[in-house]
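Only one structure is covered here, and it is reproduced in the block below.
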Amino acid sequence: MMEWWHLFVSFFLANVFGYGGGPSSIPLMYQEIVTNHAWMNSSEFSNMLALGNALPGPIATKIAAYVGYEIGGWIGVLIAVAATVVPSIIALIILLNILQKYKQSPVIKGMTLLVQPVIAIMMVLVTWSSLVESTKAIGYLQFFGIAAVAFFLIQKRKIHPAFVIVAGFVYGGIFLSS
């Protein structure tokens with residue numbers, strides 16, 4: 001019963017304060033899932049994140065569903081997904097009405113622009129954690145080789161990231177399995 005409460009509060013907080021949508025809530029979810037509750041370790045979180053990004057749909061709800069199921073079964077899924085989605089639905093309706101009313105206000109413009117560096121730093125921290133875990137597991141040469149190929153395919157060849165992630169899974173399954 002207490003785990004259900006922790007699931008709800010963790011995903012509620014991560015998504016209420018994850019300004020900018022799913023990607024910006026990932027560092028907050030990481031903090032709750034890995035650091036605060038130790039429901040997963042950093043490597044497990046990175047694997048879940050990679051797999052979740054390969055699947056269709058919002059990343060925040062996929063993370064909530066997976067962690068919710070691992071912690072509380074199907075009830076855990078419902079609790080974690082509800083904590084992820086319902087606050088956003090309510091906030092969206094309320095805030096869009098307020099922003100529409102005051103959209104020319106310099107304060108509103110400043111608020112939405114000046115929070116972006118905070119989100120960028122949070123993403124850098126999650127990226128750094130993933131880099132450290134990956135280089136420990138596969139080494140610098142493999143990591144930077146795979147990263148360079150992924151960058152080329154996504155940025156230069158305009159291949160959808162989901163296909164690049166699947167290719168990474170295949171590569172890892174064939175060449176990196178121990």
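Here's how to read the names in the structure tokens: chain A, B, ... by the order shown, residue numbers from 1 in each chain, ligand numbers from 1 in the order shown.
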
Near region 25-35 of chain A, 8 Å: region 45-135 of chain A residue rows, closest pairs, only C-alpha atoms, as a tab-separated table:
```
residue	atom	partner	partner_atom	distance
A:Phe45	CA	A:Tyr30	CA	7.3
A:Ala60	CA	A:Ile26	CA	7.1
A:Met122	CA	A:Pro27	CA	5.9
A:Met123	CA	A:Pro27	CA	6.5
A:Leu125	CA	A:Pro27	CA	7.6
A:Val126	CA	A:Pro27	CA	5.8
```

Those residues with N, CA and C atoms, as a PDB file, in the first residue's frame please?
```
ATOM      1  N   PHE A  45      17.778   1.873 -15.762  1.00  0.00           N
ATOM      2  CA  PHE A  45      17.022   3.042 -16.208  1.00  0.00           C
ATOM      3  C   PHE A  45      17.397   3.405 -17.643  1.00  0.00           C
ATOM      4  N   ALA A  60       7.140   9.610 -21.069  1.00  0.00           N
ATOM      5  CA  ALA A  60       6.797   9.671 -19.647  1.00  0.00           C
ATOM      6  C   ALA A  60       5.780   8.589 -19.267  1.00  0.00           C
ATOM      7  N   MET A 122      19.364  19.787 -16.841  1.00  0.00           N
ATOM      8  CA  MET A 122      18.836  18.506 -16.366  1.00  0.00           C
ATOM      9  C   MET A 122      19.058  17.409 -17.407  1.00  0.00           C
ATOM     10  N   MET A 123      18.845  17.740 -18.684  1.00  0.00           N
ATOM     11  CA  MET A 123      19.067  16.757 -19.756  1.00  0.00           C
ATOM     12  C   MET A 123      20.554  16.410 -19.867  1.00  0.00           C
ATOM     13  N   LEU A 125      22.698  16.339 -17.427  1.00  0.00           N
ATOM     14  CA  LEU A 125      23.028  15.457 -16.301  1.00  0.00           C
ATOM     15  C   LEU A 125      22.597  14.016 -16.562  1.00  0.00           C
ATOM     16  N   VAL A 126      21.415  13.824 -17.120  1.00  0.00           N
ATOM     17  CA  VAL A 126      20.967  12.467 -17.452  1.00  0.00           C
ATOM     18  C   VAL A 126      21.850  11.892 -18.553  1.00  0.00           C
TER      19      VAL A 126
END
```

Problem set entry | Residue neighbourhood region 46-51 of chain A, 10 Å, only C-alpha atoms, exclusion window fewer than 5 positions, as a PyMOL selection string | chain A and resi 26+30+40-41+59-60+62-63+66-67+126-127+129-131+133-134+162+165-166+168-169

May I have the residues from that selection written out with N, CA, C and O atoms, as a compact mmCIF listing (two decimals), in the first residue's frame?
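So again17.txt came out as:
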```
# COMPACT_ATOMS: atom_id res chain seq x y z
N ILE A 26 12.23 13.40 -17.66
CA ILE A 26 13.10 12.22 -17.52
C ILE A 26 14.11 12.38 -16.39
O ILE A 26 14.25 11.47 -15.57
N TYR A 30 14.26 9.99 -13.22
CA TYR A 30 15.51 9.32 -12.85
C TYR A 30 15.79 9.53 -11.36
O TYR A 30 16.13 8.59 -10.65
N MET A 40 15.29 0.97 -9.56
CA MET A 40 16.17 0.51 -10.63
C MET A 40 17.54 1.11 -10.37
O MET A 40 17.65 2.10 -9.65
N ASN A 41 18.55 0.52 -11.00
CA ASN A 41 19.84 1.19 -10.98
C ASN A 41 19.98 2.02 -12.25
O ASN A 41 19.11 1.98 -13.12
N ILE A 59 7.13 9.28 -23.87
CA ILE A 59 8.10 8.56 -23.05
C ILE A 59 7.71 8.53 -21.57
O ILE A 59 7.91 7.53 -20.89
N ALA A 60 7.14 9.61 -21.07
CA ALA A 60 6.80 9.67 -19.65
C ALA A 60 5.78 8.59 -19.27
O ALA A 60 5.91 7.94 -18.23
N LYS A 62 5.28 5.76 -20.85
CA LYS A 62 5.89 4.43 -20.99
C LYS A 62 6.75 4.11 -19.77
O LYS A 62 6.71 2.99 -19.26
N ILE A 63 7.50 5.10 -19.30
CA ILE A 63 8.31 4.89 -18.09
C ILE A 63 7.40 4.62 -16.91
O ILE A 63 7.65 3.69 -16.12
N TYR A 66 5.93 1.06 -17.12
CA TYR A 66 6.91 0.01 -16.84
C TYR A 66 7.26 -0.05 -15.35
O TYR A 66 7.19 -1.11 -14.73
N VAL A 67 7.61 1.10 -14.79
CA VAL A 67 7.99 1.12 -13.38
C VAL A 67 6.79 0.76 -12.51
O VAL A 67 6.92 0.01 -11.54
N VAL A 126 21.41 13.82 -17.12
CA VAL A 126 20.97 12.47 -17.45
C VAL A 126 21.85 11.89 -18.55
O VAL A 126 22.24 10.72 -18.51
N THR A 127 22.20 12.71 -19.54
CA THR A 127 23.07 12.26 -20.63
C THR A 127 24.43 11.86 -20.08
O THR A 127 24.99 10.83 -20.46
N SER A 129 25.17 10.82 -17.05
CA SER A 129 25.01 9.57 -16.31
C SER A 129 24.96 8.38 -17.26
O SER A 129 25.59 7.35 -17.02
N SER A 130 24.23 8.53 -18.35
CA SER A 130 24.14 7.47 -19.35
C SER A 130 25.49 7.22 -20.00
O SER A 130 25.89 6.07 -20.22
N LEU A 131 26.23 8.29 -20.29
CA LEU A 131 27.57 8.17 -20.88
C LEU A 131 28.50 7.39 -19.95
O LEU A 131 29.21 6.48 -20.39
N GLU A 133 27.74 5.27 -17.51
CA GLU A 133 27.32 3.87 -17.41
C GLU A 133 27.69 3.09 -18.68
O GLU A 133 28.17 1.97 -18.61
N SER A 134 27.46 3.70 -19.83
CA SER A 134 27.74 3.02 -21.10
C SER A 134 29.23 2.78 -21.30
O SER A 134 29.63 1.70 -21.74
N ALA A 162 13.97 6.01 -33.73
CA ALA A 162 13.48 4.68 -33.32
C ALA A 162 14.19 3.58 -34.10
O ALA A 162 14.56 2.54 -33.53
N ILE A 165 17.72 3.25 -32.75
CA ILE A 165 17.71 2.54 -31.47
C ILE A 165 17.55 1.04 -31.70
O ILE A 165 18.27 0.23 -31.09
N VAL A 166 16.65 0.65 -32.57
CA VAL A 166 16.47 -0.77 -32.89
C VAL A 166 17.76 -1.34 -33.47
O VAL A 166 18.19 -2.45 -33.10
N GLY A 168 20.71 -0.30 -32.83
CA GLY A 168 21.62 -0.42 -31.68
C GLY A 168 21.35 -1.68 -30.88
O GLY A 168 22.28 -2.37 -30.45
N PHE A 169 20.07 -2.01 -30.69
CA PHE A 169 19.72 -3.25 -30.00
C PHE A 169 20.24 -4.46 -30.76
O PHE A 169 20.80 -5.39 -30.18
```

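Take CA of Val107 (chain A) and CA of Leu92 (chain A): the distance between them is 18.8 Å.
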
Exercise. For His6 (chain A), which residue among A:Ile79, A:Glu70, A:Ala120, A:Ser42 is the nearest when counting only C-alpha atoms?
Worked result: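 Of all the options, A:Ile79 lies closest to His6 (chain A).
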
For this session: Please provide the set of residues having any atom within 12 Å of Val149 (chain A), restricted to only C-alpha atoms, with same-chain residues fewer than 4 positions apart removed, written as JSON, numbers by chain.
Result: {"A": [142, 143, 144, 145, 153, 154, 155, 156, 157, 159, 161, 164, 165, 167, 168, 171]}

Problem set entry | Residue among A:Ala147, A:Leu99, A:Phe17, A:Trp4 lying closest to Val115 (chain A), counting only C-alpha atoms |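 Using only C-alpha atoms, the shortest distance to Val115 (chain A) belongs to A:Phe17.
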
For this session: Give me every helix (DSSP H, G or I) residue in chain A, going by DSSP on the backbone, as number ranges by chain.
Result: A: 2-16, 22-36, 42-54, 59-101, 106-114, 116-138, 140-156, 161-175

Exercise. So, counting only C-alpha atoms, which residue among A:Val85, A:Val77, A:Tyr140, A:Glu44 is closest to Pro58 (chain A)?
Worked result: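 Nearest to Pro58 (chain A): A:Val85.
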
Each region 86-163 of chain A residue no farther than 12 Å from region 7-11 of chain A, nearest pair in Å, only C-alpha atoms, as a tab-separated table:
```
residue	atom	partner	partner_atom	distance
A:Val86	CA	A:Phe11	CA	10.8
A:Pro87	CA	A:Phe11	CA	10.1
A:Ser88	CA	A:Phe11	CA	11.4
```

For this session: Grab the CA of Ser43 (chain A) to CA of Trp5 (chain A) distance for me, in Å with one decimal place.
Result: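 So the answer is 25.0 Å.
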
Problem set entry | Between CA of Thr84 (chain A) and CA of Ala64 (chain A) - distance in Å to one decimal | 7.0 Å

Exercise. Smallest atom-to-atom distance to Tyr69 (chain A): which of A:Phe152, A:Tyr102, A:Phe163, A:Trp39, using only C-alpha atoms?
Worked result: A:Trp39
